[in-house]
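Novice: Quick one, run39.tsv (TSV, C-alpha atoms):
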chain	number	residue	atom	x	y	z
I	240	MET	CA	16.80	-13.42	2.72
I	241	PRO	CA	13.56	-13.26	4.73
I	242	ARG	CA	10.52	-11.66	3.19
I	243	PRO	CA	9.41	-8.25	4.47
I	244	TYR	CA	6.79	-7.79	7.15
I	245	VAL	CA	3.72	-6.71	5.14
I	246	LEU	CA	1.32	-4.07	6.49
I	247	LEU	CA	-1.87	-3.24	4.58
I	248	SER	CA	-3.11	0.31	5.17
I	249	ALA	CA	-6.50	1.70	4.13
I	250	ALA	CA	-9.22	4.15	5.12
I	251	THR	CA	-12.85	3.29	4.45
I	252	SER	CA	-16.29	4.71	5.01
I	253	VAL	CA	-18.72	3.14	7.48
I	254	ASP	CA	-20.24	1.22	4.56
I	255	GLY	CA	-16.86	-0.11	3.51
I	256	TYR	CA	-15.91	2.01	0.51
I	257	LEU	CA	-12.58	3.62	-0.22
I	258	ASP	CA	-14.00	6.70	-1.95
I	259	ASP	CA	-17.06	7.93	-3.83
I	260	SER	CA	-15.73	7.31	-7.36
I	261	SER	CA	-16.39	10.95	-8.25
I	262	ALA	CA	-14.02	13.34	-9.98
I	263	GLU	CA	-13.54	15.08	-6.63
I	264	ARG	CA	-11.56	12.77	-4.36
I	265	LEU	CA	-13.26	12.13	-1.02
I	266	LEU	CA	-10.79	12.40	1.87
I	267	LEU	CA	-11.88	9.84	4.45
I	268	SER	CA	-9.21	10.44	7.09
I	269	ASN	CA	-8.75	13.52	9.27
I	270	SER	CA	-5.53	15.48	9.76
I	271	ALA	CA	-4.49	13.48	12.83
I	272	ASP	CA	-4.92	10.19	10.97
I	273	PHE	CA	-3.00	11.50	7.96
I	274	ASP	CA	-0.17	12.31	10.39
I	275	ARG	CA	-0.36	8.73	11.75
I	276	VAL	CA	-0.05	7.39	8.20
I	277	ASP	CA	2.97	9.63	7.67
I	278	GLN	CA	4.56	8.09	10.76
I	279	VAL	CA	3.89	4.55	9.50
I	280	ARG	CA	5.44	5.50	6.17
I	281	ALA	CA	8.52	6.84	7.94
I	282	GLU	CA	8.86	3.55	9.84
I	283	SER	CA	8.68	1.49	6.63
I	284	ASP	CA	11.50	0.48	4.31
I	285	ALA	CA	9.22	0.50	1.26
I	286	ILE	CA	5.73	1.70	0.32
I	287	LEU	CA	3.71	-0.03	-2.39
I	288	ILE	CA	0.71	1.05	-4.46
I	289	GLY	CA	-0.90	-0.57	-7.48
I	290	ALA	CA	-1.12	0.89	-10.96
I	291	GLY	CA	-4.84	1.64	-10.50
I	292	THR	CA	-4.17	3.79	-7.45
I	293	MET	CA	-1.42	5.63	-9.30
I	294	ARG	CA	-3.73	6.39	-12.22
I	295	ALA	CA	-6.67	7.41	-10.01
I	296	ASP	CA	-4.86	9.54	-7.41
I	297	ASN	CA	-1.50	10.41	-9.00
I	298	PRO	CA	0.16	10.49	-5.53
I	299	ARG	CA	3.70	11.58	-4.72
I	300	LEU	CA	3.72	8.98	-1.89
I	301	LEU	CA	6.19	10.72	0.43
I	302	VAL	CA	7.06	11.06	4.09
I	303	ASN	CA	5.85	14.63	4.56
I	304	SER	CA	7.38	15.41	7.94
I	305	ALA	CA	10.88	16.89	7.69
I	306	GLU	CA	11.58	15.72	11.24
I	307	ARG	CA	10.72	12.13	10.37
I	308	ARG	CA	12.86	12.24	7.24
I	309	ALA	CA	15.75	13.61	9.29
I	310	ALA	CA	15.29	10.81	11.82
I	311	ARG	CA	15.50	8.25	9.01
I	312	VAL	CA	18.77	9.76	7.80
I	313	SER	CA	20.16	9.85	11.35
I	314	ALA	CA	19.36	6.14	11.63
I	315	GLY	CA	21.38	5.43	8.50
I	316	LYS	CA	18.36	5.00	6.21
I	317	PRO	CA	17.50	6.81	2.97
I	318	GLU	CA	15.54	10.02	3.48
I	319	TYR	CA	12.50	8.41	1.84
I	320	PRO	CA	11.36	4.77	1.78
I	321	LEU	CA	11.68	2.87	-1.48
I	322	LYS	CA	8.56	3.49	-3.58
I	323	VAL	CA	7.13	0.39	-5.27
I	324	THR	CA	4.36	-0.17	-7.78
I	325	VAL	CA	2.84	-3.14	-9.62
I	326	SER	CA	1.54	-3.19	-13.20
I	327	ALA	CA	0.91	-6.39	-15.14
I	328	SER	CA	0.56	-4.52	-18.43
I	329	GLY	CA	3.42	-2.07	-17.94
I	330	ASN	CA	1.08	0.72	-19.02
I	331	LEU	CA	2.23	3.45	-16.65
I	332	ASP	CA	2.76	7.07	-17.67
I	333	ALA	CA	6.23	8.47	-17.02
I	334	ASP	CA	4.64	11.83	-16.11
I	335	PHE	CA	3.05	10.52	-12.88
I	336	LYS	CA	4.23	12.36	-9.77
I	337	PHE	CA	5.25	9.03	-8.23
I	338	TRP	CA	8.38	8.89	-10.42
I	339	HIS	CA	9.55	12.47	-9.86
I	340	HIS	CA	9.49	12.88	-6.06
I	341	GLY	CA	11.23	11.13	-3.19
I	342	GLY	CA	13.99	8.56	-3.42
I	343	GLU	CA	14.40	5.25	-5.26
I	344	LYS	CA	11.53	3.71	-7.27
I	345	LEU	CA	10.83	0.12	-8.25
I	346	ALA	CA	8.20	-1.26	-10.64
I	347	TYR	CA	7.15	-4.92	-10.76
I	348	THR	CA	5.57	-6.20	-13.95
I	349	THR	CA	5.32	-9.28	-16.17
I	350	ASP	CA	7.52	-10.60	-18.94
I	351	THR	CA	5.10	-9.00	-21.40
I	352	GLY	CA	5.03	-5.63	-19.64
I	353	ALA	CA	8.73	-5.35	-18.80
I	354	GLU	CA	10.05	-4.21	-22.17
I	355	GLU	CA	7.38	-1.53	-22.58
I	356	LEU	CA	7.75	-0.28	-19.01
I	357	ARG	CA	11.54	-0.01	-19.23
I	358	GLU	CA	11.13	2.02	-22.40
I	359	ARG	CA	8.42	4.24	-20.86
I	360	LEU	CA	10.33	4.96	-17.65
I	361	ALA	CA	13.77	5.34	-19.25
I	362	GLY	CA	15.78	5.19	-16.03
I	363	LEU	CA	13.16	6.65	-13.68
I	364	ALA	CA	12.78	3.31	-11.88
I	365	ASP	CA	14.20	-0.19	-11.62
I	366	VAL	CA	11.85	-2.51	-13.54
I	367	VAL	CA	11.56	-6.17	-12.48
I	368	SER	CA	9.50	-8.93	-14.07
I	369	THR	CA	8.01	-11.63	-11.83
I	370	GLY	CA	7.32	-13.95	-14.78
I	371	ALA	CA	4.33	-14.55	-17.01
I	372	ASP	CA	2.03	-13.15	-14.31
I	373	ILE	CA	2.43	-10.93	-11.27
I	374	ASP	CA	3.80	-13.24	-8.58
I	375	PHE	CA	3.48	-11.53	-5.19
I	376	GLY	CA	5.60	-14.17	-3.48
I	377	ARG	CA	8.47	-13.51	-5.89
I	378	LEU	CA	7.90	-9.78	-5.40
I	379	LEU	CA	8.38	-10.16	-1.64
I	380	ASP	CA	11.43	-12.38	-2.15
I	381	ASP	CA	13.00	-9.71	-4.35
I	382	LEU	CA	12.24	-6.95	-1.83
I	383	GLY	CA	13.74	-9.06	0.94
I	384	ALA	CA	16.91	-9.52	-1.13
I	385	ARG	CA	17.07	-5.72	-1.44
I	386	GLY	CA	17.07	-5.37	2.34
I	387	VAL	CA	13.43	-4.36	2.75
I	388	GLU	CA	12.27	-5.55	6.16
I	389	ARG	CA	8.98	-3.68	6.45
I	390	LEU	CA	6.61	-3.07	3.52
I	391	MET	CA	3.61	-0.73	3.76
I	392	VAL	CA	0.91	-1.45	1.15
I	393	GLU	CA	-1.44	1.47	0.50
I	394	GLY	CA	-3.68	-0.05	-2.14
I	395	GLY	CA	-5.75	-0.29	-4.04
I	396	GLY	CA	-8.33	-2.99	-3.48
I	397	GLN	CA	-6.92	-5.41	-6.05
I	398	ILE	CA	-3.47	-5.21	-4.46
I	399	HIS	CA	-4.80	-5.54	-0.90
I	400	THR	CA	-6.89	-8.52	-2.01
I	401	ALA	CA	-3.88	-10.25	-3.56
I	402	PHE	CA	-1.71	-9.93	-0.44
I	403	LEU	CA	-4.45	-10.95	2.00
I	404	SER	CA	-5.95	-13.80	-0.05
I	405	GLN	CA	-2.50	-15.30	-0.64
I	406	GLY	CA	-1.68	-15.24	3.07
I	407	LEU	CA	1.08	-12.66	2.60
I	408	ALA	CA	-0.21	-9.89	4.90
I	409	ASP	CA	1.07	-9.70	8.48
I	410	GLU	CA	-0.89	-6.68	9.68
I	411	ILE	CA	-3.86	-4.53	8.63
I	412	HIS	CA	-4.43	-0.89	9.57
I	413	LEU	CA	-8.04	-0.03	8.79
I	414	ALA	CA	-9.21	3.51	9.56
I	415	ILE	CA	-13.01	3.82	9.60
I	416	ALA	CA	-14.33	7.31	8.81
I	417	PRO	CA	-17.78	8.52	10.01
I	418	LEU	CA	-19.08	8.80	6.44
I	419	VAL	CA	-21.51	6.80	4.34
I	420	VAL	CA	-20.68	6.79	0.62
I	421	GLY	CA	-23.65	4.82	-0.67
I	422	ASP	CA	-22.22	4.45	-4.18
I	423	PRO	CA	-22.28	0.81	-5.36
I	424	GLN	CA	-19.61	1.66	-7.97
I	425	ALA	CA	-17.12	2.96	-5.41
I	426	PRO	CA	-14.12	0.67	-4.78
I	427	ARG	CA	-13.95	-1.42	-1.64
I	428	PHE	CA	-10.96	-2.20	0.56
I	429	LEU	CA	-11.15	-5.87	-0.52
I	430	GLN	CA	-12.59	-7.71	-3.49
I	431	ALA	CA	-14.17	-11.14	-3.73
I	432	ALA	CA	-11.57	-13.89	-3.24
I	433	ASN	CA	-10.86	-17.09	-1.34
I	434	TYR	CA	-9.26	-15.91	1.89
I	435	PRO	CA	-7.26	-18.18	4.25
I	436	GLY	CA	-9.58	-19.93	6.70
I	437	GLY	CA	-12.76	-18.86	4.94
I	438	SER	CA	-15.49	-16.51	6.12
I	439	THR	CA	-15.72	-17.97	9.65
I	440	ARG	CA	-12.09	-17.39	10.60
I	441	ARG	CA	-11.80	-14.48	13.04
I	442	MET	CA	-8.59	-12.45	12.83
I	443	HIS	CA	-6.82	-11.24	15.95
I	444	LEU	CA	-7.66	-7.63	16.82
I	445	ALA	CA	-4.43	-6.16	18.18
I	446	GLU	CA	-5.70	-2.61	18.74
I	447	ALA	CA	-8.73	-0.36	18.44
I	448	ARG	CA	-8.43	3.36	19.11
I	449	THR	CA	-10.04	6.62	18.17
I	450	ILE	CA	-8.13	9.31	16.28
I	451	GLY	CA	-10.44	12.29	16.36
I	452	ASP	CA	-13.61	11.11	14.62
I	453	VAL	CA	-11.84	8.15	12.96
I	454	VAL	CA	-11.51	4.67	14.48
I	455	LEU	CA	-8.31	2.75	13.78
I	456	LEU	CA	-8.55	-1.05	13.82
I	457	ARG	CA	-5.28	-2.97	13.77
I	458	TYR	CA	-5.61	-6.65	12.84
I	459	LEU	CA	-3.05	-9.47	12.67
I	460	PRO	CA	-4.50	-11.72	9.95
I	461	LYS	CA	-2.08	-14.61	10.50
I	462	GLN	CA	-3.28	-14.96	14.08
I	463	GLU	CA	-6.75	-16.13	15.09
I	464	SER	CA	-8.91	-14.28	17.59
I	465	ASN	CA	-8.62	-15.58	21.16
I	466	ALA	CA	-11.99	-14.09	22.12
Show how you would write the structure in this file as structure tokens.

Specialist:
Amino acid sequence: MPRPYVLLSAATSVDGYLDDSSAERLLLSNSADFDRVDQVRAESDAILIGAGTMRADNPRLLVNSAERRAARVSAGKPEYPLKVTVSASGNLDADFKFWHHGGEKLAYTTDTGAEELRERLAGLADVVSTGADIDFGRLLDDLGARGVERLMVEGGGQIHTAFLSQGLADEIHLAIAPLVVGDPQAPRFLQAANYPGGSTRRMHLAEARTIGDVVLLRYLPKQESNA
């Protein structure tokens, strides 16, 4: 089965940070951009976040619009996309909201983490090991075999870095908020890594548009800029 089309989605400040690392979460997007993200979720077969994002934000990770959920059902799809997470250690709390809202859940881990995670989740999610380490290629192969054609990846930085540095990302949605965080400890969209083509390779910009005071940049990283 073919691998899913992989879309990385993130919102950053002007200086490139995801949030301010404070106890109070900084919301970078505006209401119109949150609605856009909800639409992208509704168009996806699966949504993925890493264990760090789950611990930091404790999200439900849902399609919030009842109309969009109804449209999915009318199209013969589940009401909610498959929710996916990744944890090498398997150290994920069963009390997280992620497990108790929406539809089906799937957790990828390692041979070491699988036994612990299956015991922790006790039927809340399907647990799959990708081997001794997290293998994102095997993860995509498994999702493809499950019928997932479009995967939305919502973070965090370590997960985005893995997909992009391994040449597994097909599209990037980057929303730039008119804020400056200025905190060197705040997480960035991407971490240091060896990316395909190196620092001089220019990705193709497919779209740039304003959404209120936010600018959405849509890149196709597997295509080079024709500028």

Novice: Wanna dump the segment 242-314 of chain I-segment 330-350 of chain I contacts at 12 Å for me, each residue with its shortest atom pair and the distance in Å to one decimal, counting only C-alpha atoms, ordered by chain and number, as JSON lines?

Specialist:
{"residue": "I:Asp284", "atom": "CA", "partner": "I:Glu343", "partner_atom": "CA", "distance": 11.1}
{"residue": "I:Ala285", "atom": "CA", "partner": "I:Lys344", "partner_atom": "CA", "distance": 9.4}
{"residue": "I:Ile286", "atom": "CA", "partner": "I:Lys344", "partner_atom": "CA", "distance": 9.8}
{"residue": "I:Leu287", "atom": "CA", "partner": "I:Leu345", "partner_atom": "CA", "distance": 9.2}
{"residue": "I:Ile288", "atom": "CA", "partner": "I:Phe337", "partner_atom": "CA", "distance": 9.9}
{"residue": "I:Gly289", "atom": "CA", "partner": "I:Ala346", "partner_atom": "CA", "distance": 9.7}
{"residue": "I:Ala290", "atom": "CA", "partner": "I:Leu331", "partner_atom": "CA", "distance": 7.1}
{"residue": "I:Gly291", "atom": "CA", "partner": "I:Leu331", "partner_atom": "CA", "distance": 9.5}
{"residue": "I:Thr292", "atom": "CA", "partner": "I:Phe337", "partner_atom": "CA", "distance": 10.8}
{"residue": "I:Met293", "atom": "CA", "partner": "I:Phe335", "partner_atom": "CA", "distance": 7.5}
{"residue": "I:Arg294", "atom": "CA", "partner": "I:Phe335", "partner_atom": "CA", "distance": 8.0}
{"residue": "I:Ala295", "atom": "CA", "partner": "I:Phe335", "partner_atom": "CA", "distance": 10.6}
{"residue": "I:Asp296", "atom": "CA", "partner": "I:Phe335", "partner_atom": "CA", "distance": 9.7}
{"residue": "I:Asn297", "atom": "CA", "partner": "I:Phe335", "partner_atom": "CA", "distance": 6.0}
{"residue": "I:Pro298", "atom": "CA", "partner": "I:Phe337", "partner_atom": "CA", "distance": 5.9}
{"residue": "I:Arg299", "atom": "CA", "partner": "I:Phe337", "partner_atom": "CA", "distance": 4.6}
{"residue": "I:Leu300", "atom": "CA", "partner": "I:Phe337", "partner_atom": "CA", "distance": 6.5}
{"residue": "I:Leu301", "atom": "CA", "partner": "I:Gly341", "partner_atom": "CA", "distance": 6.2}
{"residue": "I:Val302", "atom": "CA", "partner": "I:Gly341", "partner_atom": "CA", "distance": 8.4}
{"residue": "I:Asn303", "atom": "CA", "partner": "I:Gly341", "partner_atom": "CA", "distance": 10.1}
{"residue": "I:Arg308", "atom": "CA", "partner": "I:Gly341", "partner_atom": "CA", "distance": 10.6}

Novice: Measure the distance from atom CA of Glu354 of chain I to atom CA of Met240 of chain I in Å and round it to one decimal.

Specialist: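 Atom-to-atom, atom CA of Glu354 of chain I to atom CA of Met240 of chain I, that is 27.4 Å.
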
Novice: Restricting the calculation to only C-alpha atoms: of I:Ile398, I:Val312, I:Leu382, I:Leu321, which residue gets closest to Ala432 of chain I?

Specialist: I:Ile398

Novice: My list of candidates is I:Ala327, I:Ala310, I:Leu429, I:Leu407. Which is closest to Ala371 of chain I when distances are computed with all atoms listed in the file?

Specialist: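 Closest residue, counting all atoms listed in the file: I:Ala327.
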
Novice: When you draw a straight line from atom CA of Arg448 of chain I to atom CA of Ser304 of chain I, how long is it in Å?

Specialist: 22.8 Å

Novice: Here is a test: counting only C-alpha atoms, which residue of I:Ala414, I:Val325, I:Leu356, I:Val392 is nearest to Tyr256 of chain I?

Specialist: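 Of all the options, I:Ala414 lies closest to Tyr256 of chain I.
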
Novice: Got a sec: who's within 9 Å of Tyr434 of chain I, counting only C-alpha atoms, leaving out chain neighbours fewer than 5 positions off, as number ranges by chain?

Specialist: I: 400, 403-406

Novice: Check the smallest atom-to-atom distance from each of I:Ser313, I:Ser248, I:Gln397, I:Thr351 to Arg457 of chain I using all atoms listed in the file, then report the winner.

Specialist: I:Ser248

Novice: Which of these residues is nearest to Val245 of chain I, using all atoms listed in the file: I:Ala353, I:Ala401, I:Leu379, I:Val367?

Specialist: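 Comparing I:Ala353, I:Ala401, I:Leu379, I:Val367 against Val245 of chain I, the winner is I:Leu379.
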
Novice: Nearest to His412 of chain I: which of I:Leu456, I:Ser268, I:Ser252, I:Glu282 is it, counting only C-alpha atoms?

Specialist: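 Result for the nearest residue to His412 of chain I: I:Leu456.
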
Novice: Please measure the separation of atom CA of Glu393 of chain I and atom CA of Asp381 of chain I, giving the value in Å to one decimal.

Specialist: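 Answer for the atom CA of Glu393 of chain I to atom CA of Asp381 of chain I separation: 18.9 Å.
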
Novice: Name all residues at most 8 Å from segment 435-442 of chain I (count only C-alpha atoms; drop same-chain ones fewer than 4 positions away) and give them as a PyMOL selection string.

Specialist: chain I and resi 404-406+458-464

Novice: Please rebuild segment 348-366 of chain I with N, CA and C atoms and return the result as a PDB file, in the coordinates of the input.

Specialist:
ATOM      1  N   THR I 348       6.461  -5.955 -12.829  1.00  0.00           N
ATOM      2  CA  THR I 348       5.570  -6.200 -13.950  1.00  0.00           C
ATOM      3  C   THR I 348       5.737  -7.644 -14.408  1.00  0.00           C
ATOM      4  N   THR I 349       5.239  -7.939 -15.597  1.00  0.00           N
ATOM      5  CA  THR I 349       5.320  -9.280 -16.170  1.00  0.00           C
ATOM      6  C   THR I 349       6.347  -9.301 -17.297  1.00  0.00           C
ATOM      7  N   ASP I 350       6.617 -10.499 -17.805  1.00  0.00           N
ATOM      8  CA  ASP I 350       7.520 -10.600 -18.940  1.00  0.00           C
ATOM      9  C   ASP I 350       7.009  -9.765 -20.111  1.00  0.00           C
ATOM     10  N   THR I 351       5.698  -9.760 -20.302  1.00  0.00           N
ATOM     11  CA  THR I 351       5.100  -9.000 -21.400  1.00  0.00           C
ATOM     12  C   THR I 351       5.228  -7.500 -21.179  1.00  0.00           C
ATOM     13  N   GLY I 352       5.024  -7.052 -19.934  1.00  0.00           N
ATOM     14  CA  GLY I 352       5.030  -5.630 -19.640  1.00  0.00           C
ATOM     15  C   GLY I 352       6.403  -5.020 -19.445  1.00  0.00           C
ATOM     16  N   ALA I 353       7.424  -5.869 -19.208  1.00  0.00           N
ATOM     17  CA  ALA I 353       8.730  -5.350 -18.800  1.00  0.00           C
ATOM     18  C   ALA I 353       9.381  -4.494 -19.871  1.00  0.00           C
ATOM     19  N   GLU I 354       9.378  -4.970 -21.114  1.00  0.00           N
ATOM     20  CA  GLU I 354      10.050  -4.210 -22.170  1.00  0.00           C
ATOM     21  C   GLU I 354       9.412  -2.844 -22.356  1.00  0.00           C
ATOM     22  N   GLU I 355       8.074  -2.809 -22.398  1.00  0.00           N
ATOM     23  CA  GLU I 355       7.380  -1.530 -22.580  1.00  0.00           C
ATOM     24  C   GLU I 355       7.628  -0.598 -21.414  1.00  0.00           C
ATOM     25  N   LEU I 356       7.597  -1.144 -20.176  1.00  0.00           N
ATOM     26  CA  LEU I 356       7.750  -0.280 -19.010  1.00  0.00           C
ATOM     27  C   LEU I 356       9.161   0.273 -18.917  1.00  0.00           C
ATOM     28  N   ARG I 357      10.159  -0.521 -19.246  1.00  0.00           N
ATOM     29  CA  ARG I 357      11.540  -0.010 -19.230  1.00  0.00           C
ATOM     30  C   ARG I 357      11.701   1.122 -20.241  1.00  0.00           C
ATOM     31  N   GLU I 358      11.054   0.974 -21.382  1.00  0.00           N
ATOM     32  CA  GLU I 358      11.130   2.020 -22.400  1.00  0.00           C
ATOM     33  C   GLU I 358      10.392   3.276 -21.947  1.00  0.00           C
ATOM     34  N   ARG I 359       9.222   3.101 -21.322  1.00  0.00           N
ATOM     35  CA  ARG I 359       8.420   4.240 -20.860  1.00  0.00           C
ATOM     36  C   ARG I 359       9.153   5.025 -19.771  1.00  0.00           C
ATOM     37  N   LEU I 360       9.745   4.297 -18.816  1.00  0.00           N
ATOM     38  CA  LEU I 360      10.330   4.960 -17.650  1.00  0.00           C
ATOM     39  C   LEU I 360      11.743   5.465 -17.908  1.00  0.00           C
ATOM     40  N   ALA I 361      12.454   4.842 -18.811  1.00  0.00           N
ATOM     41  CA  ALA I 361      13.770   5.340 -19.250  1.00  0.00           C
ATOM     42  C   ALA I 361      14.654   5.784 -18.091  1.00  0.00           C
ATOM     43  N   GLY I 362      14.873   4.886 -17.126  1.00  0.00           N
ATOM     44  CA  GLY I 362      15.780   5.190 -16.030  1.00  0.00           C
ATOM     45  C   GLY I 362      15.133   5.818 -14.812  1.00  0.00           C
ATOM     46  N   LEU I 363      13.830   6.069 -14.846  1.00  0.00           N
ATOM     47  CA  LEU I 363      13.160   6.650 -13.680  1.00  0.00           C
ATOM     48  C   LEU I 363      12.994   5.638 -12.556  1.00  0.00           C
ATOM     49  N   ALA I 364      12.996   4.338 -12.888  1.00  0.00           N
ATOM     50  CA  ALA I 364      12.780   3.310 -11.880  1.00  0.00           C
ATOM     51  C   ALA I 364      13.448   2.015 -12.316  1.00  0.00           C
ATOM     52  N   ASP I 365      13.747   1.166 -11.344  1.00  0.00           N
ATOM     53  CA  ASP I 365      14.200  -0.190 -11.620  1.00  0.00           C
ATOM     54  C   ASP I 365      12.962  -1.013 -11.970  1.00  0.00           C
ATOM     55  N   VAL I 366      12.985  -1.715 -13.087  1.00  0.00           N
ATOM     56  CA  VAL I 366      11.850  -2.510 -13.540  1.00  0.00           C
ATOM     57  C   VAL I 366      12.194  -3.991 -13.415  1.00  0.00           C
TER      58      VAL I 366
END
